[in-house]
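Read the structure below first, then the notes.
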Amino acid sequence: MKIIVCVKHVPDTAATIKIAGDSGYEDSDIKFVANPYDEHGIEEAVSIVEKQGGEVVILTVGKAEAVSTIRSA
C-alpha cells in the first residue's frame, strides 16, 4: 500500500511577520515549519505502514526551502 500525505510549508505560529512595502511580506527572518495537522497525518501514515506494510510518500508544492521542512517533520 502507498499512502500519500500532503504537507504544507507554513510560517511558525511564533514568528513575527513583517509586511513588505509592496504587496508581499518579508520572509528572510521567518522560521518555516510543516503544518502541525499535516504532521499528525504523517504520524498516522507511518503507524499504518508499520502495521500493514507499504510506503509513505510526502507531497508538497512550494519553494525549495520546503524540502528541509519536510525532512524535519
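Residue numbering restarts at 1 for every chain of the C-alpha cells, chains are lettered A, B, ... in their displayed order, and ligands are numbered from 1 as they appear.
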Could you name the residues that touch stretch 29-45 of chain A at 7 Å or less, counting only C-alpha atoms, but leaving out those on the same chain fewer than 2 positions away, as an mmCIF file with N, CA and C atoms, in the first residue's frame?
data_model
loop_
_atom_site.group_PDB
_atom_site.id
_atom_site.type_symbol
_atom_site.label_atom_id
_atom_site.label_comp_id
_atom_site.auth_asym_id
_atom_site.auth_seq_id
_atom_site.Cartn_x
_atom_site.Cartn_y
_atom_site.Cartn_z
ATOM 1 N N ILE A 3 0.769 5.284 0.799
ATOM 2 C CA ILE A 3 -0.015 6.354 1.416
ATOM 3 C C ILE A 3 0.654 7.681 1.076
ATOM 4 N N VAL A 5 0.790 11.693 1.760
ATOM 5 C CA VAL A 5 0.424 12.724 2.728
ATOM 6 C C VAL A 5 0.836 14.076 2.149
ATOM 7 N N CYS A 6 -0.127 14.981 2.023
ATOM 8 C CA CYS A 6 0.165 16.338 1.551
ATOM 9 C C CYS A 6 0.603 17.184 2.743
ATOM 10 N N VAL A 7 1.724 17.888 2.594
ATOM 11 C CA VAL A 7 2.277 18.693 3.680
ATOM 12 C C VAL A 7 2.479 20.122 3.187
ATOM 13 N N LYS A 8 2.006 21.074 3.975
ATOM 14 C CA LYS A 8 2.149 22.491 3.645
ATOM 15 C C LYS A 8 3.274 23.102 4.467
ATOM 16 N N HIS A 9 4.140 23.848 3.827
ATOM 17 C CA HIS A 9 5.275 24.573 4.411
ATOM 18 C C HIS A 9 4.739 25.934 4.839
ATOM 19 N N VAL A 10 4.582 26.163 6.171
ATOM 20 C CA VAL A 10 3.943 27.378 6.678
ATOM 21 C C VAL A 10 4.851 28.109 7.666
ATOM 22 N N PRO A 11 4.624 29.410 7.873
ATOM 23 C CA PRO A 11 5.403 30.131 8.885
ATOM 24 C C PRO A 11 5.079 29.599 10.282
ATOM 25 N N ASP A 12 6.091 29.546 11.141
ATOM 26 C CA ASP A 12 5.897 29.149 12.533
ATOM 27 C C ASP A 12 4.921 30.126 13.177
ATOM 28 N N ALA A 15 6.340 33.132 14.914
ATOM 29 C CA ALA A 15 7.109 34.091 14.113
ATOM 30 C C ALA A 15 6.368 35.420 13.986
ATOM 31 N N ILE A 17 5.608 38.301 11.507
ATOM 32 C CA ILE A 17 5.620 38.521 10.063
ATOM 33 C C ILE A 17 5.599 40.019 9.786
ATOM 34 N N ASP A 27 10.221 37.409 4.312
ATOM 35 C CA ASP A 27 10.320 36.040 4.827
ATOM 36 C C ASP A 27 11.746 35.640 5.199
ATOM 37 N N SER A 47 2.297 4.991 11.153
ATOM 38 C CA SER A 47 1.713 3.963 12.021
ATOM 39 C C SER A 47 1.025 2.872 11.202
ATOM 40 N N ILE A 48 0.278 3.266 10.198
ATOM 41 C CA ILE A 48 -0.415 2.296 9.337
ATOM 42 C C ILE A 48 0.590 1.444 8.579
ATOM 43 N N VAL A 49 1.624 2.068 8.038
ATOM 44 C CA VAL A 49 2.638 1.341 7.266
ATOM 45 C C VAL A 49 3.404 0.366 8.160
ATOM 46 N N VAL A 56 5.199 5.382 2.676
ATOM 47 C CA VAL A 56 4.640 6.716 2.892
ATOM 48 C C VAL A 56 5.332 7.670 1.926
ATOM 49 N N THR A 69 12.078 21.454 5.573
ATOM 50 C CA THR A 69 10.941 21.394 6.491
ATOM 51 C C THR A 69 10.339 20.001 6.500
ATOM 52 N N ILE A 70 10.180 19.418 5.336
ATOM 53 C CA ILE A 70 9.599 18.081 5.242
ATOM 54 C C ILE A 70 10.511 17.047 5.886
ATOM 55 N N ALA A 73 10.016 17.005 9.588
ATOM 56 C CA ALA A 73 8.666 16.714 10.092
ATOM 57 C C ALA A 73 8.540 15.312 10.635
#
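The strand (DSSP E) portion of stretch 15-67 of chain A consists of Lys18, Ile19, Tyr25, Glu26, Phe32, Val33, Ala34, Glu55, Val56, Val57, Ile58 and Leu59 of chain A, with states taken from DSSP on the backbone.
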Keeping only N, CA and C atoms, write the selected residues to a file as a short mmCIF file (atom, residue, chain, number, x, y, z; two decimals), in the first residue's frame.
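Result file is result.cif:
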data_model
loop_
_atom_site.label_atom_id
_atom_site.label_comp_id
_atom_site.auth_asym_id
_atom_site.auth_seq_id
_atom_site.Cartn_x
_atom_site.Cartn_y
_atom_site.Cartn_z
N LYS A 18 6.56 40.48 8.98
CA LYS A 18 6.65 41.89 8.61
C LYS A 18 6.14 42.07 7.19
N ILE A 19 5.25 43.03 7.02
CA ILE A 19 4.69 43.32 5.71
C ILE A 19 5.70 44.15 4.92
N TYR A 25 5.42 39.99 1.86
CA TYR A 25 5.91 40.02 3.23
C TYR A 25 7.38 39.63 3.24
N GLU A 26 8.08 40.05 4.28
CA GLU A 26 9.50 39.73 4.45
C GLU A 26 9.60 38.32 5.03
N PHE A 32 10.11 28.60 9.01
CA PHE A 32 9.01 27.84 8.43
C PHE A 32 9.00 26.43 9.00
N VAL A 33 7.81 25.88 9.17
CA VAL A 33 7.63 24.53 9.70
C VAL A 33 6.56 23.82 8.88
N ALA A 34 6.44 22.53 9.10
CA ALA A 34 5.34 21.79 8.48
C ALA A 34 4.06 22.12 9.26
N GLU A 55 4.35 2.00 1.93
CA GLU A 55 5.27 3.13 1.75
C GLU A 55 4.52 4.43 2.02
N VAL A 56 5.20 5.38 2.68
CA VAL A 56 4.64 6.72 2.89
C VAL A 56 5.33 7.67 1.93
N VAL A 57 4.55 8.43 1.18
CA VAL A 57 5.06 9.42 0.24
C VAL A 57 4.57 10.79 0.71
N ILE A 58 5.52 11.73 0.86
CA ILE A 58 5.17 13.09 1.27
C ILE A 58 5.14 13.97 0.03
N LEU A 59 4.08 14.76 -0.11
CA LEU A 59 3.90 15.62 -1.28
C LEU A 59 3.73 17.06 -0.82
#
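Atom CA of A:Gln52 is positioned 8.1 Å from atom CA of A:Met1.
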**Item:** helix (DSSP H, G or I) call set, DSSP backbone run, chain A, as an MDAnalysis selection string
**Value:** chainID A and resid 36:52 66:72
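Picture a line from atom CA of A:Ala66 to atom CA of A:Lys51; it runs 28.6 Å.
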**Request:** For atom CA of A:Thr60 and atom CA of A:Ser72, quote the distance in Å rounded to one decimal.
**Result:** 13.8 Å
